[in-house]
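Asker: Got a structure for you, work.cif, holding mmCIF, N, CA and C atoms.
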data_entry
loop_
_atom_site.label_atom_id
_atom_site.label_comp_id
_atom_site.auth_asym_id
_atom_site.auth_seq_id
_atom_site.Cartn_x
_atom_site.Cartn_y
_atom_site.Cartn_z
N MET A 24 7.61 9.45 -13.94
CA MET A 24 6.96 9.60 -12.65
C MET A 24 6.05 8.42 -12.37
N HIS A 25 5.36 7.92 -13.39
CA HIS A 25 4.43 6.82 -13.16
C HIS A 25 5.14 5.56 -12.68
N TYR A 26 6.38 5.36 -13.11
CA TYR A 26 7.10 4.17 -12.69
C TYR A 26 7.38 4.19 -11.20
N ALA A 27 7.68 5.35 -10.66
CA ALA A 27 7.92 5.47 -9.22
C ALA A 27 6.63 5.20 -8.45
N GLU A 28 5.52 5.71 -8.94
CA GLU A 28 4.23 5.46 -8.30
C GLU A 28 3.89 3.98 -8.36
N GLN A 29 4.10 3.36 -9.51
CA GLN A 29 3.81 1.94 -9.66
C GLN A 29 4.70 1.10 -8.74
N SER A 30 5.95 1.48 -8.62
CA SER A 30 6.86 0.75 -7.74
C SER A 30 6.42 0.85 -6.29
N LEU A 31 6.04 2.04 -5.86
CA LEU A 31 5.58 2.22 -4.48
C LEU A 31 4.32 1.41 -4.22
N LEU A 32 3.35 1.48 -5.12
CA LEU A 32 2.10 0.74 -4.93
C LEU A 32 2.35 -0.76 -4.94
N GLY A 33 3.23 -1.23 -5.81
CA GLY A 33 3.56 -2.65 -5.84
C GLY A 33 4.21 -3.10 -4.54
N ALA A 34 5.11 -2.29 -4.02
CA ALA A 34 5.76 -2.63 -2.75
C ALA A 34 4.74 -2.67 -1.62
N LEU A 35 3.79 -1.76 -1.63
CA LEU A 35 2.77 -1.74 -0.58
C LEU A 35 1.81 -2.92 -0.71
N LEU A 36 1.58 -3.37 -1.92
CA LEU A 36 0.74 -4.56 -2.10
C LEU A 36 1.45 -5.80 -1.54
N LEU A 37 2.76 -5.84 -1.70
CA LEU A 37 3.53 -6.98 -1.17
C LEU A 37 3.67 -6.93 0.34
N ASP A 38 3.76 -5.73 0.89
CA ASP A 38 3.95 -5.57 2.33
C ASP A 38 3.10 -4.40 2.83
N PRO A 39 1.78 -4.62 2.98
CA PRO A 39 0.88 -3.52 3.33
C PRO A 39 1.13 -2.91 4.70
N HIS A 40 1.87 -3.57 5.55
CA HIS A 40 2.17 -3.00 6.87
C HIS A 40 3.10 -1.79 6.77
N ARG A 41 3.71 -1.60 5.62
CA ARG A 41 4.58 -0.44 5.40
C ARG A 41 3.81 0.86 5.21
N LEU A 42 2.51 0.78 5.06
CA LEU A 42 1.71 2.01 4.90
C LEU A 42 1.93 2.97 6.06
N ASP A 43 2.16 2.43 7.25
CA ASP A 43 2.38 3.28 8.42
C ASP A 43 3.72 3.98 8.40
N GLU A 44 4.62 3.56 7.51
CA GLU A 44 5.99 4.07 7.51
C GLU A 44 6.28 5.06 6.38
N ILE A 45 5.31 5.35 5.54
CA ILE A 45 5.62 6.18 4.37
C ILE A 45 5.41 7.67 4.57
N GLY A 46 4.97 8.07 5.72
CA GLY A 46 4.84 9.50 6.00
C GLY A 46 3.53 10.08 5.52
N PRO A 47 3.51 11.38 5.31
CA PRO A 47 2.25 12.09 5.02
C PRO A 47 1.85 12.05 3.54
N LEU A 48 1.93 10.89 2.92
CA LEU A 48 1.53 10.77 1.52
C LEU A 48 0.01 10.69 1.42
N GLU A 49 -0.55 11.43 0.49
CA GLU A 49 -2.00 11.48 0.29
C GLU A 49 -2.32 11.04 -1.14
N PRO A 50 -3.53 10.54 -1.38
CA PRO A 50 -3.90 10.12 -2.73
C PRO A 50 -3.74 11.22 -3.79
N ASP A 51 -3.97 12.46 -3.43
CA ASP A 51 -3.86 13.54 -4.42
C ASP A 51 -2.41 13.90 -4.74
N HIS A 52 -1.44 13.30 -4.07
CA HIS A 52 -0.03 13.51 -4.39
C HIS A 52 0.40 12.72 -5.63
N PHE A 53 -0.41 11.73 -6.02
CA PHE A 53 -0.07 10.91 -7.17
C PHE A 53 -0.44 11.65 -8.45
N SER A 54 0.42 11.56 -9.46
CA SER A 54 0.15 12.28 -10.71
C SER A 54 -0.86 11.53 -11.57
N HIS A 55 -0.98 10.24 -11.40
CA HIS A 55 -1.95 9.44 -12.15
C HIS A 55 -3.14 9.16 -11.24
N HIS A 56 -4.33 9.55 -11.67
CA HIS A 56 -5.54 9.45 -10.84
C HIS A 56 -5.79 8.03 -10.34
N ALA A 57 -5.61 7.04 -11.21
CA ALA A 57 -5.87 5.65 -10.82
C ALA A 57 -4.91 5.21 -9.70
N HIS A 58 -3.68 5.70 -9.73
CA HIS A 58 -2.72 5.37 -8.67
C HIS A 58 -3.18 5.95 -7.33
N GLY A 59 -3.68 7.16 -7.36
CA GLY A 59 -4.17 7.79 -6.14
C GLY A 59 -5.37 7.05 -5.58
N GLU A 60 -6.26 6.60 -6.46
CA GLU A 60 -7.44 5.86 -6.01
C GLU A 60 -7.05 4.50 -5.44
N LEU A 61 -6.08 3.85 -6.05
CA LEU A 61 -5.60 2.58 -5.50
C LEU A 61 -4.98 2.79 -4.13
N PHE A 62 -4.19 3.85 -3.99
CA PHE A 62 -3.58 4.16 -2.70
C PHE A 62 -4.66 4.45 -1.65
N ARG A 63 -5.69 5.17 -2.04
CA ARG A 63 -6.80 5.47 -1.12
C ARG A 63 -7.46 4.17 -0.65
N ALA A 64 -7.69 3.25 -1.56
CA ALA A 64 -8.31 1.97 -1.21
C ALA A 64 -7.39 1.15 -0.32
N MET A 65 -6.10 1.19 -0.57
CA MET A 65 -5.16 0.44 0.26
C MET A 65 -5.14 0.97 1.69
N ARG A 66 -5.21 2.28 1.82
CA ARG A 66 -5.23 2.87 3.17
C ARG A 66 -6.53 2.55 3.90
N ALA A 67 -7.63 2.46 3.15
CA ALA A 67 -8.92 2.20 3.78
C ALA A 67 -9.06 0.75 4.22
N ALA A 68 -8.39 -0.16 3.51
CA ALA A 68 -8.46 -1.58 3.86
C ALA A 68 -7.51 -1.88 5.00
N GLN A 69 -7.92 -2.78 5.86
CA GLN A 69 -7.05 -3.17 6.96
C GLN A 69 -6.02 -4.17 6.45
N ALA A 70 -4.78 -3.99 6.84
CA ALA A 70 -3.72 -4.90 6.42
C ALA A 70 -3.95 -6.28 7.01
N PRO A 71 -3.72 -7.32 6.22
CA PRO A 71 -3.91 -8.68 6.74
C PRO A 71 -2.84 -9.04 7.76
N MET A 72 -3.15 -10.03 8.57
CA MET A 72 -2.17 -10.54 9.52
C MET A 72 -1.03 -11.18 8.74
N PRO A 73 0.20 -11.07 9.21
CA PRO A 73 1.30 -11.79 8.55
C PRO A 73 1.00 -13.28 8.53
N SER A 74 1.41 -13.96 7.49
CA SER A 74 1.08 -15.37 7.33
C SER A 74 1.64 -16.23 8.46
N SER A 75 2.71 -15.82 9.08
CA SER A 75 3.30 -16.61 10.16
C SER A 75 2.43 -16.63 11.41
N THR A 76 1.55 -15.62 11.58
CA THR A 76 0.70 -15.59 12.76
C THR A 76 -0.77 -15.78 12.42
N ALA A 77 -1.09 -15.86 11.14
CA ALA A 77 -2.49 -15.97 10.74
C ALA A 77 -3.08 -17.33 11.07
N ARG A 78 -2.28 -18.36 11.02
CA ARG A 78 -2.77 -19.71 11.30
C ARG A 78 -2.03 -20.31 12.49
N ALA A 79 -2.77 -21.01 13.29
CA ALA A 79 -2.14 -21.71 14.40
C ALA A 79 -1.42 -22.92 13.86
N ARG A 80 -0.23 -23.14 14.35
CA ARG A 80 0.54 -24.31 13.91
C ARG A 80 0.11 -25.54 14.70
N PRO A 81 0.06 -26.67 14.03
CA PRO A 81 -0.30 -27.89 14.76
C PRO A 81 0.75 -28.21 15.82
N GLY A 82 0.26 -28.64 16.98
CA GLY A 82 1.11 -28.88 18.14
C GLY A 82 1.87 -30.11 18.06
#
Once you've parsed the file, please lay out its structure as structure tokens.
Answerer:
Amino acid sequence: MHYAEQSLLGALLLDPHRLDEIGPLEPDHFSHHAHGELFRAMRAAQAPMPSSTARARPG
């Protein structure tokens, strides 16, 4: 079970904009407490802008 949780959290770290697409998942759904706390922190933090729009390109 922990491997599935780790995979999900890793994927969300790579693409945090996917948090809106995972449905009604809550931190207490995780079987490992630390995974739930990490998920809680990820939801509380605002996702960064994609790198393609974060910086203006030189004209």
Asker: List as a PyMOL selection string the protein and nucleic acid residues near Met65 in chain A, meaning an atom at most 8 Å away when only N, CA and C atoms are counted, but skip any in the same chain fewer than 5 places from it.
Answerer: chain A and resi 35+39+42+59-60+70
Asker: So what does the PyMOL selection byres (((chain A and resi 54-58 and name CA) around 8) and name CA) actually pick up in this one, as a count of residues only?
Answerer: 13
Asker: Just how far from CA of Arg66 in chain A is CA of Glu49 in chain A, in Å to one decimal?
Answerer: 9.6 Å
Asker: For a test of reading the model, state the distance in Å between atom N of Met72 in chain A and atom N of His40 in chain A, rounded to one decimal.
Answerer: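 Rounded to one decimal, the two atoms are 8.7 Å apart.
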Asker: Measure the distance from CA of Pro47 in chain A to atom C of Tyr26 in chain A in Å and round it to one decimal.
Answerer: 18.8 Å
